[in-house]
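Below is the file run-v8.cif, which contains mmCIF, C-alpha atoms.
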```cif
data_final
loop_
_atom_site.group_PDB
_atom_site.id
_atom_site.type_symbol
_atom_site.label_atom_id
_atom_site.label_comp_id
_atom_site.auth_asym_id
_atom_site.auth_seq_id
_atom_site.Cartn_x
_atom_site.Cartn_y
_atom_site.Cartn_z
ATOM 1 C CA MET A 1 141.670 -26.548 -110.523
ATOM 2 C CA ARG A 2 143.186 -26.951 -107.062
ATOM 3 C CA THR A 3 146.816 -26.048 -106.611
ATOM 4 C CA THR A 4 149.396 -27.810 -104.464
ATOM 5 C CA LYS A 5 149.073 -24.954 -101.958
ATOM 6 C CA ASP A 6 145.272 -25.378 -101.817
ATOM 7 C CA ILE A 7 145.620 -29.067 -100.935
ATOM 8 C CA GLN A 8 148.401 -28.414 -98.433
ATOM 9 C CA ASP A 9 146.290 -25.755 -96.689
ATOM 10 C CA GLU A 10 143.313 -28.126 -96.462
ATOM 11 C CA ILE A 11 145.538 -30.859 -95.011
ATOM 12 C CA MET A 12 146.950 -28.485 -92.420
ATOM 13 C CA ARG A 13 143.429 -27.452 -91.397
ATOM 14 C CA LEU A 14 142.204 -31.042 -91.088
ATOM 15 C CA LYS A 15 145.343 -32.085 -89.233
ATOM 16 C CA LYS A 16 144.381 -29.844 -86.324
ATOM 17 C CA GLU A 17 140.644 -30.466 -86.585
ATOM 18 C CA LYS A 18 140.922 -34.273 -86.608
ATOM 19 C CA ASP A 19 144.009 -34.723 -84.415
ATOM 20 C CA PHE A 20 146.389 -36.206 -86.986
ATOM 21 C CA CYS A 21 150.167 -36.562 -86.885
ATOM 22 C CA ILE A 22 151.716 -36.871 -90.350
ATOM 23 C CA LEU A 23 154.890 -38.924 -90.741
ATOM 24 C CA VAL A 24 156.787 -38.523 -94.006
ATOM 25 C CA HIS A 25 159.677 -40.715 -95.051
ATOM 26 C CA ALA A 26 162.550 -38.809 -96.632
ATOM 27 C CA TYR A 27 161.986 -40.504 -100.000
ATOM 28 C CA GLN A 28 158.618 -38.764 -100.437
ATOM 29 C CA ALA A 29 158.081 -35.797 -102.756
ATOM 30 C CA HIS A 30 158.961 -32.390 -101.363
ATOM 31 C CA SER A 31 155.340 -31.227 -101.549
ATOM 32 C CA ILE A 32 154.513 -33.951 -98.995
ATOM 33 C CA VAL A 33 157.555 -33.195 -96.850
ATOM 34 C CA GLU A 34 156.219 -29.657 -96.485
ATOM 35 C CA ILE A 35 153.082 -30.829 -94.624
ATOM 36 C CA ALA A 36 154.897 -33.284 -92.336
ATOM 37 C CA ASP A 37 155.043 -33.193 -88.573
ATOM 38 C CA PHE A 38 158.146 -35.369 -88.778
ATOM 39 C CA THR A 39 160.420 -36.364 -91.656
ATOM 40 C CA GLY A 40 163.173 -38.970 -91.613
ATOM 41 C CA ASP A 41 163.937 -42.694 -91.658
ATOM 42 C CA SER A 42 161.312 -45.318 -90.898
ATOM 43 C CA TYR A 43 162.246 -46.283 -87.340
ATOM 44 C CA GLY A 44 162.907 -42.714 -86.235
ATOM 45 C CA LEU A 45 159.453 -41.727 -87.464
ATOM 46 C CA SER A 46 157.885 -44.570 -85.486
ATOM 47 C CA VAL A 47 159.580 -43.395 -82.323
ATOM 48 C CA GLN A 48 158.397 -39.825 -82.904
ATOM 49 C CA ALA A 49 154.821 -41.044 -83.361
ATOM 50 C CA SER A 50 154.939 -42.892 -80.046
ATOM 51 C CA LYS A 51 155.805 -39.660 -78.242
ATOM 52 C CA VAL A 52 153.105 -37.342 -79.596
ATOM 53 C CA PRO A 53 149.632 -36.979 -78.033
ATOM 54 C CA ASN A 54 147.795 -37.328 -81.358
ATOM 55 C CA LYS A 55 145.444 -40.301 -81.581
ATOM 56 C CA ASN A 56 145.621 -40.577 -85.384
ATOM 57 C CA VAL A 57 148.806 -41.107 -87.386
ATOM 58 C CA ILE A 58 149.323 -41.137 -91.156
ATOM 59 C CA MET A 59 152.451 -42.752 -92.585
ATOM 60 C CA CYS A 60 153.533 -41.401 -95.954
ATOM 61 C CA GLY A 61 155.870 -44.230 -96.822
ATOM 62 C CA VAL A 62 155.470 -47.961 -97.384
ATOM 63 C CA ARG A 63 153.583 -50.702 -95.550
ATOM 64 C CA PHE A 64 156.260 -52.070 -93.208
ATOM 65 C CA MET A 65 156.854 -48.521 -91.947
ATOM 66 C CA ALA A 66 153.195 -48.016 -91.045
ATOM 67 C CA GLU A 67 153.206 -51.425 -89.351
ATOM 68 C CA THR A 68 156.211 -50.433 -87.230
ATOM 69 C CA VAL A 69 154.320 -47.322 -86.130
ATOM 70 C CA LYS A 70 151.433 -49.551 -85.027
ATOM 71 C CA VAL A 71 153.764 -51.868 -83.110
ATOM 72 C CA LEU A 72 155.212 -48.954 -81.131
ATOM 73 C CA SER A 73 151.849 -47.175 -80.779
ATOM 74 C CA PRO A 74 149.214 -49.939 -80.529
ATOM 75 C CA ASP A 75 146.643 -47.581 -78.982
ATOM 76 C CA LYS A 76 146.817 -45.117 -81.863
ATOM 77 C CA THR A 77 144.867 -45.351 -85.115
ATOM 78 C CA VAL A 78 147.524 -45.699 -87.802
ATOM 79 C CA TYR A 79 146.953 -45.220 -91.531
ATOM 80 C CA LEU A 80 149.062 -45.922 -94.603
ATOM 81 C CA ALA A 81 148.339 -43.051 -96.990
ATOM 82 C CA ASN A 82 148.575 -45.231 -100.105
ATOM 83 C CA PRO A 83 147.569 -48.884 -99.480
ATOM 84 C CA ASN A 84 149.473 -50.066 -102.564
ATOM 85 C CA ALA A 85 152.829 -48.728 -101.399
ATOM 86 C CA GLY A 86 154.895 -51.748 -100.427
ATOM 87 C CA CYS A 87 158.580 -52.544 -100.118
ATOM 88 C CA PRO A 88 159.959 -55.061 -102.645
ATOM 89 C CA MET A 89 162.790 -55.981 -100.291
ATOM 90 C CA ALA A 90 160.406 -56.648 -97.399
ATOM 91 C CA ASP A 91 158.339 -58.859 -99.704
ATOM 92 C CA GLN A 92 161.325 -61.009 -100.717
ATOM 93 C CA ILE A 93 161.377 -63.105 -97.552
ATOM 94 C CA ASP A 94 158.563 -64.637 -95.535
ATOM 95 C CA ILE A 95 158.282 -66.806 -92.426
ATOM 96 C CA PRO A 96 158.676 -70.209 -94.187
ATOM 97 C CA ILE A 97 161.830 -69.020 -95.963
ATOM 98 C CA LEU A 98 163.336 -67.609 -92.788
ATOM 99 C CA LYS A 99 162.486 -70.720 -90.765
ATOM 100 C CA GLY A 100 164.234 -72.777 -93.436
ATOM 101 C CA LEU A 101 167.358 -70.630 -93.071
ATOM 102 C CA GLN A 102 167.210 -70.904 -89.285
ATOM 103 C CA GLU A 103 167.085 -74.695 -89.580
ATOM 104 C CA LYS A 104 169.988 -74.625 -92.015
ATOM 105 C CA TYR A 105 172.085 -72.444 -89.696
ATOM 106 C CA PRO A 106 171.326 -73.551 -86.102
ATOM 107 C CA GLY A 107 172.957 -71.471 -83.398
ATOM 108 C CA TYR A 108 173.039 -68.313 -85.527
ATOM 109 C CA GLU A 109 171.446 -65.131 -84.181
ATOM 110 C CA THR A 110 168.763 -63.960 -86.605
ATOM 111 C CA VAL A 111 169.236 -60.273 -87.354
ATOM 112 C CA ALA A 112 166.677 -58.654 -89.632
ATOM 113 C CA TYR A 113 166.864 -55.282 -91.324
ATOM 114 C CA ILE A 114 163.872 -53.165 -90.360
ATOM 115 C CA ASN A 115 162.794 -53.336 -94.017
ATOM 116 C CA THR A 116 160.864 -56.548 -93.320
ATOM 117 C CA SER A 117 157.251 -57.418 -92.570
ATOM 118 C CA THR A 118 155.964 -57.251 -89.022
ATOM 119 C CA GLU A 119 155.122 -60.967 -89.125
ATOM 120 C CA LEU A 120 158.731 -61.799 -90.015
ATOM 121 C CA LYS A 121 159.996 -59.716 -87.109
ATOM 122 C CA THR A 122 158.139 -62.016 -84.703
ATOM 123 C CA ILE A 123 160.622 -64.853 -85.353
ATOM 124 C CA CYS A 124 163.781 -62.721 -85.382
ATOM 125 C CA ASP A 125 166.174 -62.187 -82.475
ATOM 126 C CA THR A 126 166.795 -58.524 -83.174
ATOM 127 C CA ILE A 127 166.106 -55.799 -85.714
ATOM 128 C CA VAL A 128 168.583 -53.259 -87.072
ATOM 129 C CA THR A 129 168.392 -50.053 -89.048
ATOM 130 C CA SER A 130 171.067 -48.953 -91.487
ATOM 131 C CA SER A 131 172.298 -46.419 -88.930
ATOM 132 C CA SER A 132 172.292 -48.778 -85.932
ATOM 133 C CA ALA A 133 173.411 -52.081 -87.512
ATOM 134 C CA ASP A 134 177.146 -51.602 -86.947
ATOM 135 C CA LYS A 135 176.749 -50.878 -83.217
ATOM 136 C CA ILE A 136 174.162 -53.604 -82.652
ATOM 137 C CA ILE A 137 176.159 -56.318 -84.394
ATOM 138 C CA GLY A 138 179.167 -55.292 -82.325
ATOM 139 C CA ASN A 139 177.157 -55.660 -79.123
ATOM 140 C CA ILE A 140 175.759 -59.114 -79.936
ATOM 141 C CA GLU A 141 177.684 -61.730 -77.973
ATOM 142 C CA ASN A 142 176.964 -64.492 -80.477
ATOM 143 C CA ASP A 143 179.677 -64.604 -83.142
ATOM 144 C CA LYS A 144 177.327 -66.273 -85.640
ATOM 145 C CA ILE A 145 174.923 -63.960 -87.463
ATOM 146 C CA LEU A 146 172.142 -64.826 -89.912
ATOM 147 C CA PHE A 147 171.437 -61.475 -91.594
ATOM 148 C CA VAL A 148 168.276 -60.923 -93.657
ATOM 149 C CA PRO A 149 167.146 -59.802 -96.167
ATOM 150 C CA ASP A 150 169.784 -57.417 -97.581
ATOM 151 C CA PRO A 151 173.239 -58.945 -98.241
ATOM 152 C CA ASN A 152 174.587 -55.543 -99.296
ATOM 153 C CA LEU A 153 173.940 -53.895 -95.935
ATOM 154 C CA GLY A 154 174.892 -57.159 -94.240
ATOM 155 C CA GLY A 155 178.105 -57.464 -96.218
ATOM 156 C CA TRP A 156 179.112 -53.903 -95.370
ATOM 157 C CA ILE A 157 178.557 -54.650 -91.680
ATOM 158 C CA ALA A 158 180.393 -57.979 -91.941
ATOM 159 C CA LYS A 159 183.552 -56.239 -93.177
ATOM 160 C CA ARG A 160 183.489 -54.144 -90.027
ATOM 161 C CA HIS A 161 183.193 -57.242 -87.827
ATOM 162 C CA PRO A 162 185.636 -59.811 -89.236
ATOM 163 C CA ASN A 163 185.523 -61.779 -85.969
ATOM 164 C CA LYS A 164 181.951 -62.852 -86.670
ATOM 165 C CA ASP A 165 180.635 -65.442 -89.115
ATOM 166 C CA PHE A 166 177.798 -64.152 -91.302
ATOM 167 C CA LYS A 167 175.239 -65.995 -93.390
ATOM 168 C CA PHE A 168 172.989 -64.061 -95.750
ATOM 169 C CA PHE A 169 169.704 -64.254 -97.582
ATOM 170 C CA GLN A 170 170.234 -63.132 -101.166
ATOM 171 C CA GLY A 171 167.683 -60.319 -101.319
ATOM 172 C CA GLY A 172 168.218 -56.591 -101.520
ATOM 173 C CA CYS A 173 166.706 -53.255 -102.499
ATOM 174 C CA PRO A 174 165.949 -53.234 -106.254
ATOM 175 C CA THR A 175 166.388 -49.455 -106.423
ATOM 176 C CA HIS A 176 169.831 -49.336 -104.805
ATOM 177 C CA MET A 177 170.996 -52.536 -106.506
ATOM 178 C CA ARG A 178 170.505 -50.979 -109.948
ATOM 179 C CA ILE A 179 173.528 -48.763 -109.439
ATOM 180 C CA THR A 180 176.782 -49.893 -111.059
ATOM 181 C CA LYS A 181 180.429 -49.020 -110.554
ATOM 182 C CA ASP A 182 180.496 -47.573 -114.090
ATOM 183 C CA GLU A 183 177.792 -45.075 -113.117
ATOM 184 C CA VAL A 184 179.848 -44.022 -110.100
ATOM 185 C CA ASP A 185 182.918 -43.551 -112.305
ATOM 186 C CA GLU A 186 180.877 -41.462 -114.742
ATOM 187 C CA ALA A 187 179.431 -39.293 -111.967
ATOM 188 C CA LYS A 188 182.844 -38.718 -110.406
ATOM 189 C CA SER A 189 184.276 -37.827 -113.807
ATOM 190 C CA ALA A 190 181.478 -35.329 -114.421
ATOM 191 C CA HIS A 191 181.817 -33.821 -110.931
ATOM 192 C CA PRO A 192 185.454 -34.281 -109.853
ATOM 193 C CA ASP A 193 185.162 -31.939 -106.856
ATOM 194 C CA ALA A 194 182.054 -33.616 -105.422
ATOM 195 C CA LEU A 195 182.029 -35.956 -102.439
ATOM 196 C CA PHE A 196 180.245 -39.248 -103.042
ATOM 197 C CA LEU A 197 177.696 -40.136 -100.329
ATOM 198 C CA VAL A 198 176.104 -43.574 -100.539
ATOM 199 C CA HIS A 199 173.586 -45.822 -98.804
ATOM 200 C CA PRO A 200 174.909 -49.257 -97.707
ATOM 201 C CA GLU A 201 172.031 -50.953 -99.566
ATOM 202 C CA CYS A 202 174.089 -50.378 -102.744
ATOM 203 C CA ARG A 203 176.391 -53.070 -104.110
ATOM 204 C CA ALA A 204 179.791 -53.496 -102.435
ATOM 205 C CA GLU A 205 181.755 -52.256 -105.460
ATOM 206 C CA VAL A 206 179.704 -49.031 -105.330
ATOM 207 C CA VAL A 207 179.991 -48.546 -101.567
ATOM 208 C CA GLU A 208 183.763 -49.010 -101.708
ATOM 209 C CA LEU A 209 184.079 -45.825 -103.784
ATOM 210 C CA ALA A 210 182.184 -43.628 -101.310
ATOM 211 C CA ASP A 211 183.491 -40.752 -99.231
ATOM 212 C CA TYR A 212 180.687 -41.403 -96.743
ATOM 213 C CA VAL A 213 178.442 -44.445 -96.177
ATOM 214 C CA GLY A 214 175.300 -44.133 -94.110
ATOM 215 C CA SER A 215 171.542 -44.093 -93.725
ATOM 216 C CA THR A 216 169.326 -41.620 -95.539
ATOM 217 C CA THR A 217 169.261 -39.209 -92.624
ATOM 218 C CA GLY A 218 172.973 -39.813 -92.113
ATOM 219 C CA ILE A 219 173.649 -38.777 -95.712
ATOM 220 C CA MET A 220 171.553 -35.652 -95.325
ATOM 221 C CA ASP A 221 173.184 -34.667 -92.035
ATOM 222 C CA TYR A 222 176.657 -35.241 -93.458
ATOM 223 C CA ALA A 223 175.941 -33.050 -96.492
ATOM 224 C CA LYS A 224 174.449 -30.263 -94.386
ATOM 225 C CA LYS A 225 177.372 -30.189 -91.930
ATOM 226 C CA SER A 226 180.190 -30.681 -94.442
ATOM 227 C CA ASP A 227 182.369 -27.796 -95.596
ATOM 228 C CA ALA A 228 182.332 -29.296 -99.105
ATOM 229 C CA LYS A 229 180.179 -27.584 -101.707
ATOM 230 C CA GLU A 230 179.375 -30.425 -104.120
ATOM 231 C CA PHE A 231 177.938 -33.885 -103.519
ATOM 232 C CA ILE A 232 176.966 -36.938 -105.541
ATOM 233 C CA ILE A 233 174.024 -38.571 -103.769
ATOM 234 C CA GLY A 234 173.942 -42.370 -103.899
ATOM 235 C CA THR A 235 170.448 -42.968 -102.607
ATOM 236 C CA GLU A 236 166.851 -42.263 -103.658
ATOM 237 C CA ALA A 237 166.683 -39.159 -105.856
ATOM 238 C CA SER A 238 164.244 -37.308 -103.565
ATOM 239 C CA ILE A 239 167.171 -36.619 -101.252
ATOM 240 C CA VAL A 240 168.793 -34.461 -103.921
ATOM 241 C CA GLU A 241 165.735 -32.216 -104.047
ATOM 242 C CA HIS A 242 165.370 -31.982 -100.255
ATOM 243 C CA LEU A 243 169.036 -31.021 -99.876
ATOM 244 C CA GLN A 244 168.716 -28.411 -102.608
ATOM 245 C CA TYR A 245 166.028 -26.720 -100.517
ATOM 246 C CA GLU A 246 167.962 -27.001 -97.257
ATOM 247 C CA CYS A 247 171.414 -26.072 -98.615
ATOM 248 C CA PRO A 248 170.917 -23.595 -101.484
ATOM 249 C CA ASP A 249 174.619 -22.677 -101.358
ATOM 250 C CA LYS A 250 175.663 -26.231 -102.266
ATOM 251 C CA MET A 251 175.332 -28.402 -105.374
ATOM 252 C CA PHE A 252 173.798 -31.881 -105.309
ATOM 253 C CA TYR A 253 173.869 -34.416 -108.130
ATOM 254 C CA PRO A 254 171.910 -37.685 -108.389
ATOM 255 C CA LEU A 255 174.189 -40.670 -108.903
ATOM 256 C CA SER A 256 171.809 -42.136 -111.476
ATOM 257 C CA VAL A 257 168.429 -41.538 -113.074
ATOM 258 C CA GLY A 258 167.593 -45.076 -111.936
ATOM 259 C CA LEU A 259 167.600 -44.179 -108.248
ATOM 260 C CA ILE A 260 163.827 -43.822 -108.003
ATOM 261 C CA CYS A 261 161.722 -45.850 -105.574
ATOM 262 C CA HIS A 262 158.429 -46.233 -107.405
ATOM 263 C CA ASN A 263 156.669 -47.502 -104.294
ATOM 264 C CA MET A 264 157.596 -44.341 -102.408
ATOM 265 C CA LYS A 265 156.448 -42.217 -105.320
ATOM 266 C CA MET A 266 152.964 -43.758 -105.245
ATOM 267 C CA THR A 267 151.883 -41.534 -102.348
ATOM 268 C CA THR A 268 150.450 -38.155 -103.304
ATOM 269 C CA LEU A 269 149.165 -35.125 -101.432
ATOM 270 C CA VAL A 270 145.639 -36.117 -102.431
ATOM 271 C CA ASP A 271 146.207 -39.534 -100.834
ATOM 272 C CA VAL A 272 146.943 -37.770 -97.552
ATOM 273 C CA LEU A 273 143.862 -35.564 -97.911
ATOM 274 C CA ASN A 274 141.639 -38.518 -98.766
ATOM 275 C CA THR A 275 142.935 -40.453 -95.771
ATOM 276 C CA MET A 276 141.978 -37.586 -93.489
ATOM 277 C CA ASN A 277 138.532 -37.379 -95.090
ATOM 278 C CA GLY A 278 137.936 -41.109 -94.702
ATOM 279 C CA THR A 279 137.800 -41.738 -98.446
ATOM 280 C CA GLY A 280 141.302 -43.167 -98.874
ATOM 281 C CA GLY A 281 144.251 -44.714 -97.154
ATOM 282 C CA GLU A 282 144.162 -47.912 -95.113
ATOM 283 C CA GLU A 283 143.984 -48.377 -91.376
ATOM 284 C CA ILE A 284 146.759 -50.689 -90.194
ATOM 285 C CA THR A 285 145.535 -53.506 -87.964
ATOM 286 C CA LEU A 286 147.771 -56.114 -86.329
ATOM 287 C CA SER A 287 146.925 -58.878 -83.888
ATOM 288 C CA ASP A 288 148.096 -58.584 -80.296
ATOM 289 C CA ASP A 289 150.363 -61.594 -80.798
ATOM 290 C CA VAL A 290 152.049 -60.055 -83.825
ATOM 291 C CA ILE A 291 152.528 -56.738 -82.041
ATOM 292 C CA LYS A 292 153.976 -58.491 -78.992
ATOM 293 C CA GLY A 293 156.286 -60.694 -81.057
ATOM 294 C CA ALA A 294 157.578 -57.886 -83.263
ATOM 295 C CA LYS A 295 158.084 -55.565 -80.330
ATOM 296 C CA LYS A 296 160.277 -58.135 -78.615
ATOM 297 C CA SER A 297 162.822 -57.996 -81.452
ATOM 298 C CA ILE A 298 162.552 -54.199 -81.636
ATOM 299 C CA ASP A 299 163.091 -53.899 -77.877
ATOM 300 C CA ARG A 300 166.242 -56.004 -78.246
ATOM 301 C CA MET A 301 167.406 -53.593 -80.963
ATOM 302 C CA ILE A 302 166.972 -50.728 -78.512
ATOM 303 C CA ALA A 303 168.767 -52.618 -75.744
ATOM 304 C CA LEU A 304 171.738 -53.376 -78.011
ATOM 305 C CA GLY A 305 171.877 -50.089 -79.876
ATOM 306 C CA GLY A 306 170.417 -47.451 -77.601
#
```

Rewrite the coordinates I just gave you, this time as structure tokens.
Amino acid sequence: MRTTKDIQDEIMRLKKEKDFCILVHAYQAHSIVEIADFTGDSYGLSVQASKVPNKNVIMCGVRFMAETVKVLSPDKTVYLANPNAGCPMADQIDIPILKGLQEKYPGYETVAYINTSTELKTICDTIVTSSSADKIIGNIENDKILFVPDPNLGGWIAKRHPNKDFKFFQGGCPTHMRITKDEVDEAKSAHPDALFLVHPECRAEVVELADYVGSTTGIMDYAKKSDAKEFIIGTEASIVEHLQYECPDKMFYPLSVGLICHNMKMTTLVDVLNTMNGTGGEEITLSDDVIKGAKKSIDRMIALGG
């Protein structure tokens, strides 16, 4: 029987032999993180891929992330390690729904969270990430914002920009939305000395109790740099394990057993190996028009947010 180390060694050999760059979202299992060229949030990984010389890129994440890699690196061959790994939030809104909202709210700037399909991005004014949304919204001259698809992230941003009028699509991340205020109270009671770090995709009543609110990489950076020794992690449970490896002198507690993204957990080491061998994975293909349209909204994100 092959061990995890056997498969990792074979992946590392093939990575050099076949000119692959492996991107691993932070919600992946630690065994996959260990074979990554880059680990982090979806947009940051896409940017890293655009800078490397490798002609082949594997995304260990979900579909919209692999599509974003293709948009920023159209000349590279991009693969999604597990073709069934999607994002429920990205699937909640499509072009007809968004066009209906745009007709309902004329004059509003359409701002989409990056957790959306590439096709949807083609009819948006700008894209945001959880780490860049605050700055970008602040730099948009229009004081009317149609924010899709996550009203939790959008609502958190709206509180920071009371001079703007926001309209929302009532979607959201099923994983983060499972968390309740009662679970936060229980976690704080069990770990009274721990700081509570939370992702803004959680419900407002949960976010309001946090000591720090930020993106996945923001949460990890905060925990690593903080002088505190205990933390309750209010995002996908993989982050607890990664931080345990990186900060063995600190204690990390998952906010809830429900903070598991099943789509992220679909990808395995064998999926990565099979993709490299040509027996698994899926090559991401997008039309030139879709790439051009999506890149326009992403370029505006860069212009507004740096």

Problem set entry | Distance in Å - CA of Ile145 in chain A versus CA of Gly107 in chain A |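 Going from CA of Ile145 in chain A over to CA of Gly107 in chain A covers 8.8 Å.
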
For this session: Go ahead and compute the interatomic distance for CA of Thr110 in chain A and CA of Phe147 in chain A, in Å to one decimal.
Result: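 About the pair CA of Thr110 in chain A and CA of Phe147 in chain A: they are 6.2 Å apart.
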
For this session: Excluding range 255-269 of chain A and residues on its chain fewer than 5 positions from it, collect all residues at most 7 Å away from it, counting all atoms listed in the file, and give them as a PyMOL selection string.
Result: chain A and resi 27-28+32+60-62+81-82+85-87+175-176+178+183-184+187+232-237

Exercise. If we count all atoms listed in the file, what is near Gly171 in chain A at a cut-off of 10 Å, once residues fewer than 5 positions away on the same chain are taken out, given as a list of chain:residue names?
Worked result: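 So the residues in contact are A:Pro88, A:Met89, A:Ala90, A:Asp91, A:Gln92, A:Ile93, A:Val148, A:Pro149, A:Asp150, A:Pro151, A:Asn152, A:Met177.
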
Exercise. Which of these, A:Leu146, A:Ala210, A:Met220, A:Ala228, has the shortest distance to Asp193 in chain A once you count only C-alpha atoms?
Worked result: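 Answer, going by the shortest atom-to-atom distance: A:Ala228.
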
Could you list as a JSON list (two decimals) with C-alpha atoms, in the frame of the given file every residue that has an atom within 9 Å of (175.2, -49.9, -76.6), using the file's coordinates and counting only C-alpha atoms?
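Okay, this is what ended up in part23.json:
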```json
[["chain", "number", "residue", "atom", "x", "y", "z"],
["A", 135, "LYS", "CA", 176.75, -50.88, -83.22],
["A", 136, "ILE", "CA", 174.16, -53.60, -82.65],
["A", 138, "GLY", "CA", 179.17, -55.29, -82.32],
["A", 139, "ASN", "CA", 177.16, -55.66, -79.12],
["A", 302, "ILE", "CA", 166.97, -50.73, -78.51],
["A", 303, "ALA", "CA", 168.77, -52.62, -75.74],
["A", 304, "LEU", "CA", 171.74, -53.38, -78.01],
["A", 305, "GLY", "CA", 171.88, -50.09, -79.88],
["A", 306, "GLY", "CA", 170.42, -47.45, -77.60]]
```

For this session: Apply the PyMOL selection byres ((chain A and resi 223-225) around 12) to the file shown and report the selected residues as number ranges by chain.
Result: A: 194-198, 211-214, 216-222, 226-233, 239-240, 242-253

Once you have the residues from the selection above, write them out as a CSV table (one decimal), keeping the file's coordinate frame, restricted to C-alpha atoms.
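Output below, filename part_22.csv:
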```
chain,number,residue,atom,x,y,z
A,194,ALA,CA,182.1,-33.6,-105.4
A,195,LEU,CA,182.0,-36.0,-102.4
A,196,PHE,CA,180.2,-39.2,-103.0
A,197,LEU,CA,177.7,-40.1,-100.3
A,198,VAL,CA,176.1,-43.6,-100.5
A,211,ASP,CA,183.5,-40.8,-99.2
A,212,TYR,CA,180.7,-41.4,-96.7
A,213,VAL,CA,178.4,-44.4,-96.2
A,214,GLY,CA,175.3,-44.1,-94.1
A,216,THR,CA,169.3,-41.6,-95.5
A,217,THR,CA,169.3,-39.2,-92.6
A,218,GLY,CA,173.0,-39.8,-92.1
A,219,ILE,CA,173.6,-38.8,-95.7
A,220,MET,CA,171.6,-35.7,-95.3
A,221,ASP,CA,173.2,-34.7,-92.0
A,222,TYR,CA,176.7,-35.2,-93.5
A,226,SER,CA,180.2,-30.7,-94.4
A,227,ASP,CA,182.4,-27.8,-95.6
A,228,ALA,CA,182.3,-29.3,-99.1
A,229,LYS,CA,180.2,-27.6,-101.7
A,230,GLU,CA,179.4,-30.4,-104.1
A,231,PHE,CA,177.9,-33.9,-103.5
A,232,ILE,CA,177.0,-36.9,-105.5
A,233,ILE,CA,174.0,-38.6,-103.8
A,239,ILE,CA,167.2,-36.6,-101.3
A,240,VAL,CA,168.8,-34.5,-103.9
A,242,HIS,CA,165.4,-32.0,-100.3
A,243,LEU,CA,169.0,-31.0,-99.9
A,244,GLN,CA,168.7,-28.4,-102.6
A,245,TYR,CA,166.0,-26.7,-100.5
A,246,GLU,CA,168.0,-27.0,-97.3
A,247,CYS,CA,171.4,-26.1,-98.6
A,248,PRO,CA,170.9,-23.6,-101.5
A,249,ASP,CA,174.6,-22.7,-101.4
A,250,LYS,CA,175.7,-26.2,-102.3
A,251,MET,CA,175.3,-28.4,-105.4
A,252,PHE,CA,173.8,-31.9,-105.3
A,253,TYR,CA,173.9,-34.4,-108.1
```

Problem set entry | For Val111 in chain A: contacts at 12 Å, all atoms listed in the file, fewer than 4 positions along chain excluded, given as a VMD selection string | chain A and resid 98 101 to 102 115 to 116 120 to 129 132 to 134 136 to 137 140 142 144 to 151 153 to 154 157 166 to 169 297 to 298 300 to 301 304

For this session: Determine, counting only C-alpha atoms, which protein, DNA and RNA residues have an atom within 8 Å of an atom of Pro83 in chain A; residues of the same chain fewer than 5 positions away are not included. Present the result as a PyMOL selection string.
Result: chain A and resi 63+281-282

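Residue membership of the PyMOL selection byres ((chain A and resi 49) around 9) in the shown file amounts to Cys21, Ile22, Leu23, Phe38, Gly44, Leu45, Ser46, Val47, Gln48, Ser50, Lys51, Val52, Pro53, Asn54, Val57, Val69, Leu72 and Ser73 of chain A.
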
For this session: I need the residue set behind the PyMOL selection byres ((chain A and resi 283) around 6) for this file; please write it as a PyMOL selection string.
Result: chain A and resi 78-79+282+284

Problem set entry | Separation of CA of Met59 in chain A from CA of Leu80 in chain A, in Å and rounded to one decimal |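 Between CA of Met59 in chain A and CA of Leu80 in chain A the gap works out to 5.1 Å.
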
For this session: May I have the residues within 6 Å of Lys164 in chain A as an MDAnalysis selection string, using only C-alpha atoms and disregarding those fewer than 2 positions away in the same chain?
Result: chainID A and resid 143:144 161:162

Now that the selection is made, can you save its residues with C-alpha atoms as a compact mmCIF listing (two decimals), keeping the file's coordinate frame?
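What follows is the written file again_37.txt:
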```
# COMPACT_ATOMS: atom_id res chain seq x y z
CA ASP A 143 179.68 -64.60 -83.14
CA LYS A 144 177.33 -66.27 -85.64
CA HIS A 161 183.19 -57.24 -87.83
CA PRO A 162 185.64 -59.81 -89.24
```

For this session: Measuring atom to atom with all atoms listed in the file, identify which of A:Pro174, A:Pro254, A:Gly100, A:Gly155 is nearest to His191 in chain A.
Result: A:Pro254

Exercise. Of the candidates A:Ser130, A:Ile179, A:Glu241, A:Ala190, which one gets nearest to Ala26 in chain A if we count only C-alpha atoms?
Worked result: A:Glu241

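Counting all atoms listed in the file and comparing A:Asp182, A:Arg203, A:Arg160, A:Ser42, the residue that lies closest to Tyr113 in chain A is A:Ser42.
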
Centre and edges of the range 251-260 of chain A box, axis-aligned, 5 Å extra per side, as AutoDock Vina command-line options:
```
--center_x 169.6 --center_y -36.7 --center_z -109.2 --size_x 21.5 --size_y 26.7 --size_z 17.8
```

Exercise. With only C-alpha atoms as the atoms that count, which of A:Thr275, A:Glu34, A:Ala66, A:Lys292 lies nearest to Lys5 in chain A?
Worked result: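 When distances to Lys5 in chain A are compared using only C-alpha atoms, the smallest one comes from A:Glu34.
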